[in-house]
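The next block is start-v6.cif, given as mmCIF, C-alpha atoms.
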data_structure
loop_
_atom_site.label_atom_id
_atom_site.label_comp_id
_atom_site.auth_asym_id
_atom_site.auth_seq_id
_atom_site.Cartn_x
_atom_site.Cartn_y
_atom_site.Cartn_z
CA MET I 1 7.32 37.64 40.21
CA THR I 2 10.06 35.36 41.48
CA ASP I 3 12.41 34.00 38.84
CA PRO I 4 12.58 30.20 39.41
CA VAL I 5 15.93 30.00 37.61
CA ALA I 6 17.51 32.64 39.85
CA THR I 7 16.40 30.82 43.02
CA THR I 8 17.57 27.37 41.87
CA THR I 9 20.69 26.18 43.71
CA PRO I 10 23.40 23.85 42.40
CA ASP I 11 22.06 21.17 44.73
CA ASP I 12 18.58 21.59 43.22
CA LEU I 13 20.02 21.14 39.74
CA ALA I 14 21.96 18.06 40.77
CA ARG I 15 18.92 16.46 42.39
CA HIS I 16 16.81 17.20 39.33
CA ALA I 17 19.41 15.70 36.99
CA GLN I 18 19.65 12.57 39.14
CA LYS I 19 15.84 12.22 39.24
CA MET I 20 15.53 12.60 35.48
CA ALA I 21 18.33 10.12 34.89
CA LYS I 22 16.48 7.52 36.95
CA LYS I 23 13.27 8.22 35.02
CA LYS I 24 15.05 7.84 31.70
CA ALA I 25 16.67 4.57 32.75
CA ALA I 26 13.30 3.19 33.86
CA ARG I 27 11.67 4.35 30.62
CA ASP I 28 14.45 2.82 28.52
CA ARG I 29 13.97 -0.53 30.28
CA ILE I 30 10.24 -0.44 29.49
CA MET I 31 10.79 0.52 25.86
CA ALA I 32 13.42 -2.21 25.39
CA GLY I 33 10.68 -4.82 25.68
CA LYS I 34 8.34 -3.12 23.16
CA GLU I 35 9.46 -4.33 19.77
CA GLY I 36 6.35 -5.75 18.13
CA GLU I 37 4.04 -4.03 15.65
CA LYS I 38 0.35 -4.76 15.25
CA GLY I 39 -2.61 -3.31 13.45
CA LEU I 40 -4.73 -1.90 16.26
CA VAL I 41 -8.46 -1.70 16.84
CA ILE I 42 -8.88 1.77 18.35
CA VAL I 43 -12.04 3.15 19.95
CA HIS I 44 -12.80 6.80 20.74
CA THR I 45 -15.99 7.12 22.76
CA GLY I 46 -17.58 9.11 25.60
CA ALA I 47 -19.79 12.17 25.94
CA GLY I 48 -16.95 14.67 25.55
CA LYS I 49 -15.88 16.46 22.40
CA GLY I 50 -12.92 15.22 20.38
CA LYS I 51 -13.71 11.67 19.26
CA SER I 52 -13.82 12.32 15.53
CA SER I 53 -11.18 15.05 15.84
CA SER I 54 -8.75 12.56 17.35
CA GLY I 55 -9.52 10.04 14.62
CA PHE I 56 -8.85 12.61 11.92
CA GLY I 57 -5.64 13.57 13.69
CA MET I 58 -4.48 9.97 13.26
CA ILE I 59 -5.47 10.07 9.59
CA LEU I 60 -3.30 13.17 9.11
CA ARG I 61 -0.40 11.39 10.81
CA CYS I 62 -0.76 8.54 8.35
CA ILE I 63 -0.74 11.01 5.46
CA ALA I 64 2.39 12.67 6.86
CA HIS I 65 4.09 9.26 6.86
CA GLY I 66 2.94 8.55 3.29
CA MET I 67 0.67 5.75 4.52
CA PRO I 68 -2.51 5.11 2.46
CA CYS I 69 -5.63 5.49 4.59
CA ALA I 70 -9.39 5.88 4.31
CA VAL I 71 -12.40 7.41 6.05
CA VAL I 72 -15.97 6.13 6.12
CA GLN I 73 -18.47 8.51 7.74
CA PHE I 74 -21.57 6.75 9.04
CA ILE I 75 -23.68 9.65 10.34
CA LYS I 76 -22.24 13.02 9.39
CA GLY I 77 -21.79 12.21 5.71
CA ALA I 78 -24.17 14.93 4.56
CA TRP I 79 -22.19 17.64 6.35
CA ASP I 80 -19.70 19.91 4.62
CA THR I 81 -16.89 19.58 7.14
CA GLY I 82 -13.43 21.09 7.20
CA GLU I 83 -11.73 17.71 7.39
CA ARG I 84 -13.67 16.46 4.39
CA ARG I 85 -12.66 19.52 2.34
CA LEU I 86 -9.03 19.19 3.34
CA LEU I 87 -8.70 15.48 2.66
CA THR I 88 -10.60 15.38 -0.63
CA THR I 89 -8.98 18.55 -1.99
CA HIS I 90 -5.36 18.04 -0.99
CA PHE I 91 -4.78 14.40 -0.04
CA ALA I 92 -7.08 12.33 -2.24
CA ASP I 93 -4.05 10.41 -3.53
CA LEU I 94 -3.38 9.01 -0.04
CA CYS I 95 -6.77 9.12 1.69
CA GLN I 96 -10.06 7.82 0.35
CA PHE I 97 -13.07 9.62 1.81
CA HIS I 98 -16.52 8.05 1.73
CA ALA I 99 -19.41 10.05 3.21
CA MET I 100 -22.08 7.36 3.61
CA GLY I 101 -24.33 8.85 6.29
CA GLU I 102 -27.34 11.07 5.76
CA GLY I 103 -27.49 12.84 9.09
CA PHE I 104 -28.49 12.02 12.63
CA THR I 105 -31.48 9.79 13.20
CA TRP I 106 -33.66 12.68 14.34
CA GLU I 107 -32.94 14.44 11.03
CA THR I 108 -33.81 11.59 8.67
CA GLN I 109 -36.72 10.30 10.80
CA ASP I 110 -36.64 7.17 8.68
CA LYS I 111 -35.29 4.06 10.39
CA ALA I 112 -35.23 1.92 7.25
CA ARG I 113 -33.26 4.59 5.44
CA ASP I 114 -30.81 4.90 8.37
CA ILE I 115 -30.27 1.15 8.42
CA ALA I 116 -29.68 1.06 4.66
CA ALA I 117 -27.13 3.88 4.93
CA ALA I 118 -25.34 2.13 7.79
CA ARG I 119 -25.22 -1.14 5.86
CA ALA I 120 -23.83 0.61 2.80
CA GLY I 121 -21.20 2.26 4.95
CA TRP I 122 -20.22 -1.05 6.53
CA GLU I 123 -19.91 -2.75 3.13
CA LYS I 124 -17.58 0.03 1.98
CA ALA I 125 -15.66 -0.22 5.25
CA LYS I 126 -15.12 -3.96 4.78
CA GLU I 127 -13.85 -3.40 1.26
CA LEU I 128 -11.33 -0.83 2.47
CA ILE I 129 -10.19 -2.82 5.51
CA ARG I 130 -9.60 -5.92 3.40
CA ASN I 131 -7.11 -4.01 1.24
CA PRO I 132 -3.70 -4.54 2.90
CA GLU I 133 -2.26 -1.47 1.18
CA ILE I 134 -4.57 0.77 3.24
CA ARG I 135 -2.88 1.12 6.62
CA MET I 136 -5.64 2.88 8.57
CA VAL I 137 -9.41 3.04 8.19
CA LEU I 138 -11.40 5.54 10.24
CA LEU I 139 -15.02 4.49 10.82
CA ASP I 140 -16.39 7.83 11.96
CA GLU I 141 -19.51 7.64 14.17
CA ILE I 142 -19.95 3.89 13.59
CA ASN I 143 -20.61 3.55 17.33
CA ILE I 144 -23.92 5.36 16.84
CA ALA I 145 -24.98 2.87 14.17
CA LEU I 146 -23.97 0.03 16.49
CA ARG I 147 -25.76 1.59 19.46
CA TYR I 148 -29.08 1.64 17.57
CA ASP I 149 -28.42 -1.88 16.22
CA TYR I 150 -28.39 -0.66 12.63
CA LEU I 151 -25.31 -2.87 12.41
CA ASP I 152 -24.75 -6.12 14.29
CA ILE I 153 -21.90 -5.85 16.78
CA GLY I 154 -21.17 -9.57 16.50
CA GLU I 155 -20.76 -9.30 12.74
CA VAL I 156 -18.45 -6.30 13.05
CA LEU I 157 -16.24 -7.95 15.66
CA ALA I 158 -16.09 -11.23 13.77
CA PHE I 159 -14.97 -9.38 10.64
CA LEU I 160 -12.27 -7.46 12.49
CA ARG I 161 -10.98 -10.67 14.06
CA SER I 162 -10.93 -12.77 10.91
CA GLU I 163 -10.43 -10.42 7.96
CA LYS I 164 -8.54 -7.35 9.10
CA PRO I 165 -4.95 -7.55 7.79
CA PRO I 166 -2.36 -7.87 10.58
CA LEU I 167 -0.90 -4.37 10.20
CA THR I 168 -4.09 -2.42 9.44
CA HIS I 169 -5.35 0.00 12.07
CA VAL I 170 -9.11 0.50 12.39
CA VAL I 171 -10.45 3.47 14.36
CA LEU I 172 -14.09 3.45 15.51
CA THR I 173 -15.57 6.66 16.91
CA GLY I 174 -18.84 7.75 18.49
CA ARG I 175 -20.61 7.87 21.84
CA ASN I 176 -21.80 4.81 23.74
CA ALA I 177 -19.40 2.24 22.33
CA LYS I 178 -20.73 -1.27 22.92
CA ASP I 179 -19.15 -3.17 25.81
CA GLU I 180 -18.18 -5.97 23.43
CA LEU I 181 -16.26 -3.54 21.25
CA ILE I 182 -14.46 -2.01 24.22
CA GLU I 183 -13.45 -5.49 25.37
CA ALA I 184 -12.13 -6.48 21.94
CA ALA I 185 -10.26 -3.23 21.19
CA ASP I 186 -6.54 -2.70 21.70
CA LEU I 187 -6.82 0.98 22.56
CA VAL I 188 -9.86 2.70 24.07
CA THR I 189 -10.16 6.38 24.99
CA GLU I 190 -13.21 7.87 26.68
CA MET I 191 -13.70 11.60 26.17
CA THR I 192 -15.17 13.10 29.36
CA LEU I 193 -17.41 16.14 29.10
CA ILE I 194 -16.55 18.79 31.68
CA LYS I 195 -17.76 21.96 30.00
CA HIS I 196 -19.20 22.75 26.55
CA PRO I 197 -20.25 26.10 25.00
CA PHE I 198 -23.42 24.52 23.58
CA ARG I 199 -24.86 24.56 27.09
CA ALA I 200 -24.31 28.31 27.16
CA GLY I 201 -26.30 28.80 23.98
CA ILE I 202 -23.37 28.87 21.56
CA LYS I 203 -23.88 26.90 18.36
CA GLY I 204 -21.35 24.65 16.63
CA GLN I 205 -18.72 26.68 14.82
CA PRO I 206 -16.42 26.08 11.82
CA GLY I 207 -12.95 25.04 12.88
CA VAL I 208 -14.18 23.79 16.24
CA GLU I 209 -17.07 21.41 15.58
CA PHE I 210 -16.77 20.91 11.81
#
Spit out the file's structure as structure tokens when you get a sec.
Amino acid sequence: MTDPVATTTPDDLARHAQKMAKKKAARDRIMAGKEGEKGLVIVHTGAGKGKSSSGFGMILRCIAHGMPCAVVQFIKGAWDTGERRLLTTHFADLCQFHAMGEGFTWETQDKARDIAAARAGWEKAKELIRNPEIRMVLLDEINIALRYDYLDIGEVLAFLRSEKPPLTHVVLTGRNAKDELIEAADLVTEMTLIKHPFRAGIKGQPGVEF
């Protein structure tokens, strides 16, 4: 195998240094104009894996910074997940965890019960978001409740516009985010499914799915 360091000439190094210097100068100019802070509405959606995982990653960042935060789970509340164990066992002083869901709709098979659970989750979410001391609230799988109209998208957006404190971040996860939510959000990421072991007959596994 050729050693790329051994084949690099002084001219190559000089050109690289010049190129990186230009990139840094351009980046510094961009960053110089980014001084404001704002509580963001963040959406993780799409068919690919990683929506909730990304949201919980942000929660762990908040904890690392000593920032109070909270989680409301709208669908997977009945599951014994690794993130739930970790947060409730080790970080309950910084992160409130409210498992409000009772499972996916095909598990409960009771629309009235699903709607009641979603409403209870949203009421808890509003309570947490209104508290300015809580810097981030993760609404895990709320997009599913919105997709099935268990919650009214207009009500949710109106609340976020009028009652969310200026520096509070709210993260909404789940497939099929409503167009209105995507339009209103500050940051939207769509997870794209390329390949998944479930299609090869492999079930969800601890540490990967939950």
Which residues come within 12 Å of Lys195 in chain I, counting only C-alpha atoms, excluding same-chain residues fewer than 5 positions away, as number ranges by chain?
I: 47-49, 200
Which of I:Leu167, I:Val188, I:Ala64, I:Val71 sits closest to Glu37 in chain I [using all atoms listed in the file]:
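Selected residue with least distance to Glu37 in chain I: I:Leu167.
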Run the PyMOL selection byres ((chain I and resi 73) around 12) against the file shown and list the residues it catches, as a PDB file with C-alpha atoms, in the frame of the given file.
ATOM      1  CA  SER I  52     -13.820  12.320  15.530  1.00  0.00           C
ATOM      2  CA  GLY I  55      -9.520  10.040  14.620  1.00  0.00           C
ATOM      3  CA  PHE I  56      -8.850  12.610  11.920  1.00  0.00           C
ATOM      4  CA  ALA I  70      -9.390   5.880   4.310  1.00  0.00           C
ATOM      5  CA  VAL I  71     -12.400   7.410   6.050  1.00  0.00           C
ATOM      6  CA  VAL I  72     -15.970   6.130   6.120  1.00  0.00           C
ATOM      7  CA  PHE I  74     -21.570   6.750   9.040  1.00  0.00           C
ATOM      8  CA  ILE I  75     -23.680   9.650  10.340  1.00  0.00           C
ATOM      9  CA  LYS I  76     -22.240  13.020   9.390  1.00  0.00           C
ATOM     10  CA  GLY I  77     -21.790  12.210   5.710  1.00  0.00           C
ATOM     11  CA  ALA I  78     -24.170  14.930   4.560  1.00  0.00           C
ATOM     12  CA  TRP I  79     -22.190  17.640   6.350  1.00  0.00           C
ATOM     13  CA  ASP I  80     -19.700  19.910   4.620  1.00  0.00           C
ATOM     14  CA  THR I  81     -16.890  19.580   7.140  1.00  0.00           C
ATOM     15  CA  GLU I  83     -11.730  17.710   7.390  1.00  0.00           C
ATOM     16  CA  ARG I  84     -13.670  16.460   4.390  1.00  0.00           C
ATOM     17  CA  GLN I  96     -10.060   7.820   0.350  1.00  0.00           C
ATOM     18  CA  PHE I  97     -13.070   9.620   1.810  1.00  0.00           C
ATOM     19  CA  HIS I  98     -16.520   8.050   1.730  1.00  0.00           C
ATOM     20  CA  ALA I  99     -19.410  10.050   3.210  1.00  0.00           C
ATOM     21  CA  MET I 100     -22.080   7.360   3.610  1.00  0.00           C
ATOM     22  CA  GLY I 101     -24.330   8.850   6.290  1.00  0.00           C
ATOM     23  CA  GLU I 102     -27.340  11.070   5.760  1.00  0.00           C
ATOM     24  CA  GLY I 103     -27.490  12.840   9.090  1.00  0.00           C
ATOM     25  CA  PHE I 104     -28.490  12.020  12.630  1.00  0.00           C
ATOM     26  CA  ALA I 117     -27.130   3.880   4.930  1.00  0.00           C
ATOM     27  CA  ALA I 118     -25.340   2.130   7.790  1.00  0.00           C
ATOM     28  CA  ARG I 119     -25.220  -1.140   5.860  1.00  0.00           C
ATOM     29  CA  ALA I 120     -23.830   0.610   2.800  1.00  0.00           C
ATOM     30  CA  GLY I 121     -21.200   2.260   4.950  1.00  0.00           C
ATOM     31  CA  TRP I 122     -20.220  -1.050   6.530  1.00  0.00           C
ATOM     32  CA  LYS I 124     -17.580   0.030   1.980  1.00  0.00           C
ATOM     33  CA  ALA I 125     -15.660  -0.220   5.250  1.00  0.00           C
ATOM     34  CA  VAL I 137      -9.410   3.040   8.190  1.00  0.00           C
ATOM     35  CA  LEU I 138     -11.400   5.540  10.240  1.00  0.00           C
ATOM     36  CA  LEU I 139     -15.020   4.490  10.820  1.00  0.00           C
ATOM     37  CA  ASP I 140     -16.390   7.830  11.960  1.00  0.00           C
ATOM     38  CA  GLU I 141     -19.510   7.640  14.170  1.00  0.00           C
ATOM     39  CA  ILE I 142     -19.950   3.890  13.590  1.00  0.00           C
ATOM     40  CA  ASN I 143     -20.610   3.550  17.330  1.00  0.00           C
ATOM     41  CA  ILE I 144     -23.920   5.360  16.840  1.00  0.00           C
ATOM     42  CA  ALA I 145     -24.980   2.870  14.170  1.00  0.00           C
ATOM     43  CA  VAL I 171     -10.450   3.470  14.360  1.00  0.00           C
ATOM     44  CA  LEU I 172     -14.090   3.450  15.510  1.00  0.00           C
ATOM     45  CA  THR I 173     -15.570   6.660  16.910  1.00  0.00           C
ATOM     46  CA  GLY I 174     -18.840   7.750  18.490  1.00  0.00           C
TER      47      GLY I 174
END
Expected selection from the PyMOL selection byres ((chain I and resi 169) around 9), given as a short mmCIF file (atom, residue, chain, number, x, y, z; two decimals) with C-alpha atoms, in the frame of the given file:
data_model
loop_
_atom_site.label_atom_id
_atom_site.label_comp_id
_atom_site.auth_asym_id
_atom_site.auth_seq_id
_atom_site.Cartn_x
_atom_site.Cartn_y
_atom_site.Cartn_z
CA LYS I 38 0.35 -4.76 15.25
CA GLY I 39 -2.61 -3.31 13.45
CA LEU I 40 -4.73 -1.90 16.26
CA VAL I 41 -8.46 -1.70 16.84
CA ILE I 42 -8.88 1.77 18.35
CA ILE I 129 -10.19 -2.82 5.51
CA ILE I 134 -4.57 0.77 3.24
CA ARG I 135 -2.88 1.12 6.62
CA MET I 136 -5.64 2.88 8.57
CA VAL I 137 -9.41 3.04 8.19
CA LEU I 138 -11.40 5.54 10.24
CA LYS I 164 -8.54 -7.35 9.10
CA PRO I 165 -4.95 -7.55 7.79
CA PRO I 166 -2.36 -7.87 10.58
CA LEU I 167 -0.90 -4.37 10.20
CA THR I 168 -4.09 -2.42 9.44
CA VAL I 170 -9.11 0.50 12.39
CA VAL I 171 -10.45 3.47 14.36
#
One decimal, in Å: what's the spacing between CA of Thr89 in chain I and CA of Arg61 in chain I?
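Calculated distance between CA of Thr89 in chain I and CA of Arg61 in chain I is 17.0 Å.
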Calculate how many Å separate CA of Asp12 in chain I from CA of Ala26 in chain I, rounding to one decimal.
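Interatomic distance, CA of Asp12 in chain I to CA of Ala26 in chain I: 21.3 Å.
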